[in-house]
file start_21.cif (mmCIF, C-alpha atoms)
data_run
loop_
_atom_site.label_atom_id
_atom_site.label_comp_id
_atom_site.auth_asym_id
_atom_site.auth_seq_id
_atom_site.Cartn_x
_atom_site.Cartn_y
_atom_site.Cartn_z
CA MET A 1 103.87 84.83 123.15
CA GLN A 2 104.89 83.68 119.68
CA ALA A 3 102.76 82.64 116.71
CA GLU A 4 103.10 81.10 113.28
CA ILE A 5 100.85 81.33 110.23
CA ILE A 6 100.17 78.42 107.88
CA THR A 7 98.41 79.21 104.61
CA ILE A 8 96.91 76.16 102.93
CA GLY A 9 96.17 75.76 99.23
CA ASP A 10 97.76 74.55 96.00
CA GLU A 11 96.80 77.85 94.38
CA LEU A 12 99.32 79.67 96.61
CA LEU A 13 102.19 77.45 95.52
CA ILE A 14 101.60 77.60 91.77
CA GLY A 15 101.33 81.39 91.72
CA GLN A 16 97.64 81.45 90.85
CA VAL A 17 96.77 83.35 94.03
CA VAL A 18 99.04 85.79 95.89
CA ASP A 19 99.10 85.38 99.68
CA THR A 20 98.00 88.79 100.94
CA ASN A 21 96.46 87.28 104.09
CA SER A 22 99.73 86.68 105.94
CA ALA A 23 100.97 90.28 105.79
CA TRP A 24 97.67 91.60 107.10
CA MET A 25 97.51 88.95 109.84
CA ALA A 26 101.10 89.70 110.87
CA GLU A 27 100.19 93.34 111.41
CA GLN A 28 97.20 92.40 113.58
CA LEU A 29 99.28 90.00 115.67
CA PHE A 30 101.95 92.62 116.25
CA GLU A 31 99.37 95.20 117.32
CA ASN A 32 98.17 92.70 119.92
CA GLY A 33 101.61 91.97 121.33
CA ILE A 34 102.13 88.62 119.58
CA GLN A 35 105.46 88.03 117.84
CA LEU A 36 105.28 86.21 114.52
CA LYS A 37 108.01 83.59 114.09
CA GLN A 38 107.33 82.17 110.63
CA ILE A 39 104.87 82.02 107.74
CA THR A 40 104.50 78.75 105.86
CA SER A 41 102.49 77.87 102.74
CA VAL A 42 101.56 74.25 102.10
CA HIS A 43 99.76 72.16 99.50
CA ASP A 44 96.30 70.67 100.00
CA ASP A 45 98.00 67.52 101.22
CA ALA A 46 97.22 65.87 104.57
CA GLU A 47 100.76 64.78 105.39
CA HIS A 48 102.18 68.15 104.35
CA ILE A 49 99.70 69.97 106.60
CA ARG A 50 100.39 67.68 109.58
CA LYS A 51 104.14 68.14 109.21
CA ALA A 52 103.75 71.92 109.00
CA LEU A 53 101.65 71.89 112.19
CA ASP A 54 104.24 69.83 114.08
CA GLU A 55 107.05 72.13 113.01
CA ALA A 56 105.08 75.27 113.83
CA PHE A 57 104.16 74.06 117.32
CA SER A 58 107.81 73.21 117.97
CA ARG A 59 108.58 76.93 117.69
CA ALA A 60 105.40 78.78 118.63
CA ASP A 61 102.58 78.87 121.15
CA ILE A 62 99.87 79.84 118.66
CA VAL A 63 99.22 78.62 115.11
CA LEU A 64 96.79 80.36 112.76
CA THR A 65 95.76 78.65 109.53
CA THR A 66 93.84 79.93 106.52
CA GLY A 67 92.34 77.99 103.64
CA GLY A 68 90.98 74.56 102.88
CA LEU A 69 87.66 74.94 104.70
CA GLY A 70 85.27 74.83 101.75
CA PRO A 71 82.82 72.04 100.90
CA THR A 72 84.70 70.60 97.92
CA LYS A 73 86.93 67.53 97.75
CA ASP A 74 90.18 69.52 97.66
CA ASP A 75 89.34 71.28 100.95
CA ILE A 76 90.80 68.88 103.51
CA THR A 77 91.86 71.14 106.39
CA LYS A 78 88.91 70.30 108.62
CA LYS A 79 89.48 66.55 108.34
CA VAL A 80 93.23 66.92 108.92
CA LEU A 81 92.58 68.95 112.08
CA CYS A 82 90.18 66.29 113.30
CA ASP A 83 92.91 63.66 112.99
CA TYR A 84 95.54 65.97 114.43
CA PHE A 85 93.54 66.72 117.58
CA HIS A 86 92.17 63.15 117.86
CA THR A 87 88.56 64.13 117.56
CA ARG A 88 85.61 63.54 115.20
CA LEU A 89 83.26 65.59 113.07
CA VAL A 90 79.86 66.39 114.55
CA ALA A 91 76.97 68.50 113.32
CA SER A 92 76.74 71.97 114.81
CA PRO A 93 73.15 73.26 115.04
CA THR A 94 74.46 76.81 115.35
CA VAL A 95 76.50 76.60 112.16
CA GLU A 96 73.64 74.85 110.34
CA ALA A 97 71.21 77.62 111.28
CA HIS A 98 73.72 80.23 110.14
CA VAL A 99 74.37 78.53 106.78
CA ARG A 100 70.65 78.03 106.11
CA ALA A 101 70.00 81.71 106.86
CA LEU A 102 72.95 82.75 104.73
CA TYR A 103 71.53 80.99 101.68
CA ALA A 104 67.84 81.42 102.43
CA ASP A 105 67.31 83.24 99.13
CA ARG A 106 69.38 80.68 97.20
CA PRO A 107 67.89 77.25 97.89
CA ASP A 108 69.93 75.72 95.06
CA VAL A 109 73.07 76.27 97.17
CA LEU A 110 71.72 74.23 100.08
CA ASN A 111 72.82 70.87 98.71
CA ARG A 112 74.61 67.87 100.23
CA LEU A 113 78.05 69.47 99.89
CA THR A 114 76.97 72.70 101.56
CA ALA A 115 75.62 70.57 104.40
CA THR A 116 79.16 69.44 105.19
CA GLN A 117 79.92 73.01 106.28
CA TRP A 118 78.06 72.52 109.54
CA LEU A 119 80.16 69.47 110.42
CA VAL A 120 82.86 70.62 112.83
CA PRO A 121 85.51 68.91 115.00
CA GLU A 122 83.94 68.00 118.33
CA ALA A 123 86.98 69.25 120.26
CA CYS A 124 86.95 72.77 118.85
CA ALA A 125 85.21 75.97 119.85
CA VAL A 126 83.24 77.29 116.89
CA LEU A 127 83.59 81.04 116.33
CA GLU A 128 81.04 82.90 114.24
CA ASN A 129 81.80 83.60 110.58
CA ARG A 130 79.05 86.08 109.89
CA VAL A 131 79.91 86.62 106.22
CA GLY A 132 80.62 83.07 105.02
CA SER A 133 79.62 79.46 105.43
CA ALA A 134 82.95 78.04 106.63
CA PRO A 135 83.11 77.84 110.45
CA ILE A 136 86.05 79.36 112.30
CA MET A 137 87.48 76.59 114.46
CA ALA A 138 89.52 77.25 117.61
CA PHE A 139 91.42 74.49 119.44
CA LYS A 140 93.01 74.84 122.88
CA ASP A 141 94.80 72.13 124.82
CA THR A 142 98.49 72.54 125.54
CA ARG A 143 98.53 74.14 122.10
CA CYS A 144 96.44 76.90 120.58
CA LEU A 145 95.24 76.80 116.96
CA VAL A 146 92.64 78.75 115.03
CA ALA A 147 91.58 77.74 111.51
CA MET A 148 90.04 80.45 109.31
CA PRO A 149 88.73 80.70 105.74
CA GLY A 150 91.25 81.76 103.10
CA VAL A 151 88.99 84.32 101.42
CA PRO A 152 90.63 87.62 102.43
CA TYR A 153 87.51 89.58 103.39
CA GLU A 154 86.21 86.64 105.46
CA MET A 155 89.57 86.19 107.16
CA LYS A 156 89.86 89.89 108.04
CA ILE A 157 86.43 89.99 109.64
CA ALA A 158 87.17 86.73 111.44
CA MET A 159 90.46 88.03 112.85
CA THR A 160 89.03 91.37 113.91
CA GLU A 161 85.70 90.23 115.38
CA GLN A 162 86.46 86.74 116.64
CA VAL A 163 90.03 85.44 116.64
CA ILE A 164 91.91 88.23 118.41
CA PRO A 165 89.22 88.58 121.11
CA TRP A 166 89.20 84.79 121.57
CA LEU A 167 92.98 84.66 121.95
CA ASN A 168 92.85 87.44 124.51
CA ARG A 169 90.14 85.65 126.48
CA VAL A 170 91.79 82.23 126.41
CA ILE A 171 95.40 83.20 126.92
CA GLY A 172 94.72 86.48 128.68
CA GLU A 173 97.45 88.89 129.56
CA SER A 174 100.17 86.53 128.37
CA VAL A 175 99.00 87.30 124.84
CA ASN A 176 98.22 90.98 125.03
CA ARG A 177 100.96 93.16 126.50
CA VAL A 178 101.99 90.90 129.39
CA SER A 179 104.40 92.15 131.98
CA PRO A 180 108.11 91.30 131.68
CA ASP A 181 107.87 88.95 134.68
CA THR A 182 105.04 86.78 133.35
CA PRO A 183 106.32 83.21 132.82
CA VAL A 184 105.51 81.54 129.51
CA LYS A 185 106.63 77.91 129.10
CA GLY A 186 108.84 78.34 132.15
CA GLU A 187 110.76 81.30 130.73
CA PRO A 188 110.49 84.97 131.74
CA VAL A 189 109.44 87.07 128.76
CA ASN A 190 109.97 90.78 128.19
CA ARG A 191 106.98 91.92 126.17
CA MET A 192 108.33 95.23 124.81
CA MET A 193 107.93 94.92 121.03
CA GLU A 194 108.12 97.85 118.67
CA HIS A 195 108.77 98.50 115.01
CA ARG A 196 109.20 102.05 113.75
CA THR A 197 109.74 102.98 110.11
CA MET A 198 110.89 106.03 108.18
CA LEU A 199 111.09 106.59 104.42
CA VAL A 200 114.27 108.03 102.89
CA ASN A 201 115.15 109.04 99.34
CA GLY A 202 118.09 110.49 97.47
CA ILE A 203 120.80 108.10 98.64
CA ALA A 204 121.80 104.64 97.43
CA GLU A 205 121.23 101.69 99.77
CA SER A 206 124.96 100.91 99.95
CA SER A 207 125.81 104.55 100.68
CA LEU A 208 123.14 104.63 103.36
CA ALA A 209 124.58 101.49 104.97
CA ILE A 210 128.04 103.10 105.04
CA LEU A 211 126.57 106.27 106.56
CA LEU A 212 124.91 104.24 109.34
CA GLU A 213 127.63 101.62 109.77
CA GLU A 214 129.16 102.93 112.99
CA TRP A 215 125.78 103.59 114.65
CA GLU A 216 124.38 100.23 113.50
CA THR A 217 127.42 98.33 114.82
CA ARG A 218 126.89 99.84 118.28
CA LEU A 219 123.16 99.03 118.51
CA PRO A 220 122.34 97.44 121.88
CA ASP A 221 120.98 93.90 122.11
CA GLY A 222 117.33 93.68 121.15
CA LEU A 223 117.56 96.38 118.49
CA HIS A 224 117.92 95.70 114.78
CA LEU A 225 117.81 97.89 111.65
CA ALA A 226 116.26 96.64 108.39
CA TYR A 227 116.69 98.19 104.92
CA LEU A 228 113.63 97.85 102.65
CA PRO A 229 114.17 99.31 99.15
CA LYS A 230 111.11 99.95 96.99
CA ASP A 231 110.51 102.06 93.87
CA GLY A 232 113.68 104.10 94.30
CA THR A 233 113.10 104.77 98.01
CA ILE A 234 114.32 102.97 101.12
CA ARG A 235 112.27 102.23 104.20
CA LEU A 236 114.40 102.06 107.34
CA ARG A 237 112.73 99.98 110.04
CA LEU A 238 114.07 99.87 113.58
CA ASP A 239 112.92 96.74 115.45
CA GLY A 240 112.95 96.51 119.22
CA TYR A 241 112.42 93.30 121.20
CA GLY A 242 112.67 93.18 124.95
CA CYS A 243 114.47 96.50 125.42
CA GLU A 244 113.52 99.58 127.40
CA GLN A 245 111.28 102.11 125.66
CA GLU A 246 113.65 104.96 126.52
CA LEU A 247 116.55 103.10 124.90
CA PHE A 248 114.50 102.47 121.75
CA ASP A 249 113.48 106.13 121.53
CA ASN A 250 117.07 107.31 121.97
CA GLU A 251 118.36 105.10 119.16
CA TRP A 252 115.48 106.13 116.90
CA ASN A 253 116.38 109.78 117.44
CA LYS A 254 120.03 109.06 116.62
CA LEU A 255 118.92 107.35 113.40
CA ARG A 256 116.72 110.30 112.44
CA GLU A 257 119.56 112.73 113.02
CA SER A 258 121.96 110.66 110.92
CA VAL A 259 119.65 110.59 107.88
CA ARG A 260 117.86 113.92 108.36
CA ASP A 261 118.85 115.18 104.89
CA TYR A 262 117.14 112.22 103.19
CA ILE A 263 113.94 111.75 105.18
CA VAL A 264 110.70 111.84 103.22
CA LEU A 265 108.42 110.58 106.01
CA ASP A 266 109.35 109.61 109.55
CA GLU A 267 106.44 107.21 109.89
CA ASP A 268 105.20 104.20 107.97
CA ARG A 269 102.38 105.42 105.75
CA PRO A 270 101.85 105.85 102.00
CA ILE A 271 103.34 109.00 100.47
CA GLU A 272 100.11 109.77 98.62
CA LEU A 273 98.21 109.75 101.92
CA ALA A 274 100.63 112.28 103.39
CA VAL A 275 100.18 114.42 100.26
CA GLY A 276 96.41 114.16 100.57
CA GLU A 277 96.40 115.14 104.24
CA LEU A 278 98.45 118.26 103.54
CA LEU A 279 96.19 119.24 100.65
CA LYS A 280 93.08 118.67 102.77
CA ASN A 281 94.43 120.61 105.74
CA ARG A 282 95.21 123.58 103.51
CA GLY A 283 92.00 123.43 101.51
CA LEU A 284 93.88 122.70 98.27
CA THR A 285 93.12 120.38 95.35
CA ILE A 286 95.16 118.45 92.81
CA SER A 287 94.75 116.79 89.39
CA THR A 288 97.01 114.66 87.20
CA ALA A 289 97.92 114.26 83.54
CA GLU A 290 99.65 110.99 82.71
CA SER A 291 101.31 109.55 79.67
CA CYS A 292 103.87 106.86 80.54
CA THR A 293 102.35 106.07 83.95
CA GLY A 294 99.00 105.33 82.33
CA GLY A 295 96.79 106.20 85.30
CA LYS A 296 98.94 104.69 88.07
CA LEU A 297 99.36 108.06 89.73
CA ALA A 298 95.61 108.65 89.66
CA ALA A 299 94.99 105.21 91.17
CA LEU A 300 97.37 105.97 94.05
CA LEU A 301 95.80 109.35 94.77
CA ASN A 302 92.21 108.14 94.83
CA ARG A 303 92.61 104.80 96.60
CA HIS A 304 92.17 106.25 100.09
CA SER A 305 88.80 107.11 101.58
CA GLY A 306 88.05 110.83 101.52
CA SER A 307 90.32 111.59 98.55
CA SER A 308 87.44 113.28 96.73
CA GLU A 309 87.97 116.26 99.04
CA TRP A 310 91.31 117.06 97.42
CA TYR A 311 91.75 114.94 94.29
CA LYS A 312 89.64 116.12 91.34
CA GLY A 313 90.56 114.02 88.33
CA SER A 314 93.01 112.90 85.69
CA VAL A 315 93.63 112.79 81.97
CA VAL A 316 95.52 109.77 80.68
CA ALA A 317 96.99 111.40 77.59
CA TYR A 318 98.97 108.58 76.03
CA ALA A 319 98.57 109.63 72.40
CA ASN A 320 99.93 112.96 71.19
CA GLU A 321 96.47 113.82 69.84
CA VAL A 322 95.07 113.69 73.38
CA LYS A 323 97.94 115.78 74.72
CA GLU A 324 97.23 118.38 72.06
CA HIS A 325 93.45 118.43 71.79
CA VAL A 326 92.48 117.77 75.43
CA LEU A 327 95.35 119.28 77.41
CA GLY A 328 96.23 122.05 74.99
CA VAL A 329 99.84 121.03 74.39
CA SER A 330 101.37 122.83 71.41
CA GLY A 331 101.46 120.68 68.30
CA ALA A 332 104.59 122.51 67.20
CA ASP A 333 106.33 121.65 70.49
CA LEU A 334 105.30 118.02 70.18
CA ALA A 335 106.80 117.93 66.70
CA GLN A 336 109.98 119.77 67.64
CA TYR A 337 110.77 118.39 71.10
CA GLY A 338 108.79 115.13 71.25
CA ALA A 339 106.30 113.93 73.85
CA VAL A 340 109.06 113.12 76.33
CA SER A 341 110.35 116.63 76.92
CA GLU A 342 110.32 119.44 79.43
CA GLN A 343 108.29 121.67 77.12
CA VAL A 344 105.51 119.10 76.69
CA VAL A 345 105.27 117.87 80.27
CA ARG A 346 105.03 121.45 81.56
CA GLN A 347 102.10 122.12 79.25
CA MET A 348 100.45 118.85 80.28
CA ALA A 349 100.54 119.87 83.93
CA GLU A 350 99.29 123.37 83.23
CA GLY A 351 96.61 122.06 80.90
CA VAL A 352 95.10 119.60 83.37
CA ARG A 353 95.33 122.16 86.17
CA CYS A 354 93.25 124.53 84.06
CA LEU A 355 90.89 121.81 82.86
CA CYS A 356 90.15 120.52 86.37
CA GLN A 357 90.39 123.93 88.07
CA THR A 358 92.78 122.68 90.76
CA ASP A 359 95.44 124.38 92.85
CA TRP A 360 98.10 121.84 91.90
CA ALA A 361 98.69 119.39 89.06
CA ILE A 362 101.26 116.72 88.27
CA ALA A 363 102.14 115.45 84.78
CA THR A 364 104.30 112.54 83.61
CA SER A 365 105.71 111.67 80.19
CA GLY A 366 108.45 109.17 79.52
CA VAL A 367 109.85 106.12 77.75
CA ALA A 368 108.74 103.18 79.89
CA GLY A 369 110.14 100.56 77.50
CA PRO A 370 111.15 97.98 76.74
CA THR A 371 111.12 99.57 73.27
CA GLY A 372 110.93 103.18 72.11
CA GLY A 373 114.20 104.46 73.51
CA THR A 374 116.62 106.60 71.52
CA ALA A 375 120.21 107.73 72.01
CA ASP A 376 119.13 110.99 73.64
CA LYS A 377 116.04 109.55 75.36
CA PRO A 378 116.85 105.98 76.41
CA VAL A 379 114.35 103.64 78.05
CA GLY A 380 113.70 104.88 81.59
CA THR A 381 113.77 108.58 80.71
CA VAL A 382 110.83 110.32 82.41
CA TRP A 383 109.92 113.99 82.59
CA ILE A 384 107.68 115.05 85.49
CA ALA A 385 106.13 118.48 86.02
CA TRP A 386 104.40 120.06 89.01
CA ALA A 387 102.17 123.06 88.30
CA GLY A 388 101.05 125.17 91.24
CA PRO A 389 100.03 128.63 92.37
CA ASP A 390 103.58 129.96 92.01
CA GLY A 391 104.41 128.46 88.65
CA THR A 392 105.55 125.18 87.09
CA GLN A 393 108.60 123.06 87.85
CA ALA A 394 109.89 120.16 85.74
CA GLU A 395 112.59 117.56 86.23
CA CYS A 396 114.03 114.71 84.20
CA PHE A 397 114.73 111.30 85.74
CA HIS A 398 116.33 108.07 84.55
CA LEU A 399 114.44 105.30 86.31
CA GLY A 400 115.69 101.96 85.03
CA LYS A 401 115.02 99.61 82.13
CA LEU A 402 111.98 97.57 83.19
CA ARG A 403 108.56 98.95 82.27
CA GLU A 404 106.83 98.40 85.59
CA GLN A 405 109.89 99.59 87.49
CA VAL A 406 109.99 102.81 85.46
CA THR A 407 106.29 103.63 85.95
CA ASP A 408 106.28 102.78 89.66
CA ARG A 409 109.38 104.87 90.29
CA ALA A 410 107.94 107.75 88.28
CA CYS A 411 104.87 107.82 90.52
CA THR A 412 107.05 107.75 93.62
CA LYS A 413 109.24 110.61 92.36
CA ALA A 414 106.15 112.63 91.49
CA LEU A 415 104.65 112.19 94.94
CA ILE A 416 107.87 112.86 96.86
CA LYS A 417 108.40 116.17 95.08
CA MET A 418 104.74 117.06 95.57
CA LEU A 419 105.09 116.37 99.29
CA LYS A 420 108.15 118.60 99.49
CA ASN A 421 106.35 121.38 97.62
CA LEU A 422 103.52 121.29 100.13
CA GLN A 423 105.93 121.24 103.09
CA MET A 424 107.67 124.43 101.96
#
call {"tool": "encode", "arguments": {"input": "start_21.cif", "output": "structure tokens"}}
result
Amino acid sequence: MQAEIITIGDELLIGQVVDTNSAWMAEQLFENGIQLKQITSVHDDAEHIRKALDEAFSRADIVLTTGGLGPTKDDITKKVLCDYFHTRLVASPTVEAHVRALYADRPDVLNRLTATQWLVPEACAVLENRVGSAPIMAFKDTRCLVAMPGVPYEMKIAMTEQVIPWLNRVIGESVNRVSPDTPVKGEPVNRMMEHRTMLVNGIAESSLAILLEEWETRLPDGLHLAYLPKDGTIRLRLDGYGCEQELFDNEWNKLRESVRDYIVLDEDRPIELAVGELLKNRGLTISTAESCTGGKLAALLNRHSGSSEWYKGSVVAYANEVKEHVLGVSGADLAQYGAVSEQVVRQMAEGVRCLCQTDWAIATSGVAGPTGGTADKPVGTVWIAWAGPDGTQAECFHLGKLREQVTDRACTKALIKMLKNLQM
């Protein structure tokens, strides 16, 4: 079974809002055995929406839409769907009761525009939106469409609690892990779908492609390798559609063997989470001292639930005065070697490790740019130090010319080395 996503809203097409919904929805569809064919973003324009629906249904069995379900004039999705499915708007007592309860403590919100929220297409099945006023509308004739709110937290709850279960009920086993012999639209479909990802580092993308060229050329039908560079690393994703599981596993093992010297993680998860799990399992803790990365490393380390068990804190020591008076960096070394130096970054790591009383500490100091570079320390120069029970290590990197690129890559380098230290 194949699906398409249509995100609706002018704000998506002028860059005011970033479409994070589609990536999350794609993951949920894949986990439920539904292959995503295409993602389309359209304006709040009736003809544009209708054309996108026609094109999507020409390729896919299921269409999911988000956005345009509010009570204001620019929210036209509900009316367009009424026209598209040749139906009319009717009042839903269930939705009305829900909306009235939702705003029971805010009577000013229950106005004539809010009342339009309980008008729904007569031909649809209304699915509960327990956290918002916009109804989730599901249509099923020879086509299958579900319209959801565009607000991310509403959409996620809708998908998890209502939409995926509804699809499984309505379409049954043809949606969720059907057998290879199940006919869909008159065609036999093999439902084996798998994506597996590993993270590699220390080799250029072009060099990696040359290394894998012979193996990649011989990949059987249904298998495809994707290269996904990010922050100085490369994610290698092996996709399998309609092939035997044993064949997929064999090719994955060949890939792992080919790149074994460069593997950071052989699964698709954040590096900082892998670091945290190792720290937690060993009863260890970590802290950070950041100059050029400005707290980015701290944000990565504490963004996962449970990080308080192993992550203790950070000092963002951007100014030399903070490096000296908070972290205990030698003023003489700052004057002689500069803030971006091995001597200083080592003391930063050791200082925050002592201050926070942790087993490990990471420190960063560099020239993120676009100004501030010198002949001996050009923009992109970053020193990183790792202080641990057996001493302190430091390494210098040259990470590009763009400020955000430099700081993102510095965090990645810091975490990769930390992971390797913990794996030793």
call {"tool": "resolve_selection", "arguments": {"input": "start_21.cif", "expression": "the PyMOL selection byres ((chain A and resi 328-341) around 10)", "output": "NGL selection string"}}
result
:A and (291-292 or 318-327 or 342-352 or 354-355 or 364-367 or 377 or 381-384 or 394-396)
call {"tool": "residues_around", "arguments": {"input": "start_21.cif", "residues": "Lys156 (chain A)", "least_positions_apart": "5", "cutoff": "9 Å", "atoms": "all atoms listed in the file", "output": "list in words"}}
result
Asn21, Trp24, Met25, Val151 and Glu161 of chain A
call {"tool": "resolve_selection", "arguments": {"input": "start_21.cif", "expression": "the PyMOL selection byres ((chain A and resi 27-40) around 10)", "output": "PyMOL selection string"}}
result
chain A and resi 1-8+22-26+41-42+52-53+56+59-65+156+159-160+164-165+167-168+173-178+191-195+241
call {"tool": "closest_residue", "arguments": {"input": "start_21.cif", "among": "A:Glu55, A:Asp376, A:Glu122, A:Asp105", "to": "Lys79 (chain A)", "atoms": "only C-alpha atoms"}}
result
A:Glu122
call {"tool": "residues_around", "arguments": {"input": "start_21.cif", "residues": "Leu212 (chain A)", "least_positions_apart": "3", "cutoff": "9 Å", "atoms": "all atoms listed in the file", "output": "list of chain:residue names"}}
result
A:Ser207, A:Leu208, A:Ala209, A:Trp215, A:Glu216, A:Thr217, A:Leu255, A:Ser258, A:Val259
call {"tool": "closest_residue", "arguments": {"input": "start_21.cif", "among": "A:Phe139, A:Ile234, A:Glu257, A:Ile362", "to": "Leu127 (chain A)", "atoms": "only C-alpha atoms"}}
result
A:Phe139
call {"tool": "resolve_selection", "arguments": {"input": "start_21.cif", "expression": "the PyMOL selection byres ((chain A and resi 411-423) around 7)", "output": "count of residues only"}}
result
12
call {"tool": "decode", "arguments": {"input": "start_21.cif", "residues": "region 337-394 of chain A", "atoms": "C-alpha atoms", "output": "mmCIF file, in the first residue's frame"}}
result
data_model
loop_
_atom_site.group_PDB
_atom_site.id
_atom_site.type_symbol
_atom_site.label_atom_id
_atom_site.label_comp_id
_atom_site.auth_asym_id
_atom_site.auth_seq_id
_atom_site.Cartn_x
_atom_site.Cartn_y
_atom_site.Cartn_z
ATOM 1 C CA TYR A 337 48.635 31.084 23.463
ATOM 2 C CA GLY A 338 45.190 32.643 22.973
ATOM 3 C CA ALA A 339 41.756 31.228 23.751
ATOM 4 C CA VAL A 340 41.864 28.926 20.729
ATOM 5 C CA SER A 341 44.739 26.707 21.795
ATOM 6 C CA GLU A 342 45.517 23.282 23.157
ATOM 7 C CA GLN A 343 46.734 24.715 26.459
ATOM 8 C CA VAL A 344 43.496 26.622 27.097
ATOM 9 C CA VAL A 345 41.017 23.987 25.959
ATOM 10 C CA ARG A 346 42.690 21.357 28.149
ATOM 11 C CA GLN A 347 42.318 23.601 31.184
ATOM 12 C CA MET A 348 38.697 24.327 30.288
ATOM 13 C CA ALA A 349 37.876 20.618 30.271
ATOM 14 C CA GLU A 350 39.732 19.956 33.497
ATOM 15 C CA GLY A 351 38.201 23.013 35.131
ATOM 16 C CA VAL A 352 34.589 22.088 34.393
ATOM 17 C CA ARG A 353 35.243 18.466 35.359
ATOM 18 C CA CYS A 354 36.438 19.671 38.752
ATOM 19 C CA LEU A 355 33.683 22.268 39.090
ATOM 20 C CA CYS A 356 30.879 19.807 38.315
ATOM 21 C CA GLN A 357 32.573 16.806 39.958
ATOM 22 C CA THR A 358 32.068 14.559 36.922
ATOM 23 C CA ASP A 359 33.951 11.552 35.589
ATOM 24 C CA TRP A 360 34.299 13.069 32.120
ATOM 25 C CA ALA A 361 34.242 16.545 30.607
ATOM 26 C CA ILE A 362 34.384 17.976 27.094
ATOM 27 C CA ALA A 363 35.565 21.486 26.189
ATOM 28 C CA THR A 364 35.456 23.425 22.913
ATOM 29 C CA SER A 365 37.198 26.624 21.822
ATOM 30 C CA GLY A 366 37.509 27.856 18.266
ATOM 31 C CA VAL A 367 37.098 30.501 15.586
ATOM 32 C CA ALA A 368 33.550 30.015 14.302
ATOM 33 C CA GLY A 369 33.689 33.046 11.985
ATOM 34 C CA PRO A 370 32.919 34.661 9.733
ATOM 35 C CA THR A 371 35.430 37.084 11.276
ATOM 36 C CA GLY A 372 38.201 36.610 13.821
ATOM 37 C CA GLY A 373 40.466 34.310 11.870
ATOM 38 C CA THR A 374 44.228 34.796 11.626
ATOM 39 C CA ALA A 375 46.977 33.305 9.476
ATOM 40 C CA ASP A 376 47.789 30.639 12.060
ATOM 41 C CA LYS A 377 44.198 30.208 13.286
ATOM 42 C CA PRO A 378 41.881 30.661 10.303
ATOM 43 C CA VAL A 379 38.088 30.584 10.540
ATOM 44 C CA GLY A 380 37.009 27.007 11.248
ATOM 45 C CA THR A 381 39.886 26.202 13.609
ATOM 46 C CA VAL A 382 38.506 24.411 16.683
ATOM 47 C CA TRP A 383 40.310 22.836 19.613
ATOM 48 C CA ILE A 384 38.408 20.148 21.545
ATOM 49 C CA ALA A 385 39.505 18.465 24.772
ATOM 50 C CA TRP A 386 38.225 15.408 26.611
ATOM 51 C CA ALA A 387 39.141 15.118 30.296
ATOM 52 C CA GLY A 388 38.606 11.771 31.988
ATOM 53 C CA PRO A 389 39.793 9.460 34.735
ATOM 54 C CA ASP A 390 43.014 8.657 32.869
ATOM 55 C CA GLY A 391 43.958 12.157 31.832
ATOM 56 C CA THR A 392 43.143 14.761 29.178
ATOM 57 C CA GLN A 393 43.285 14.510 25.396
ATOM 58 C CA ALA A 394 43.052 17.412 22.944
#
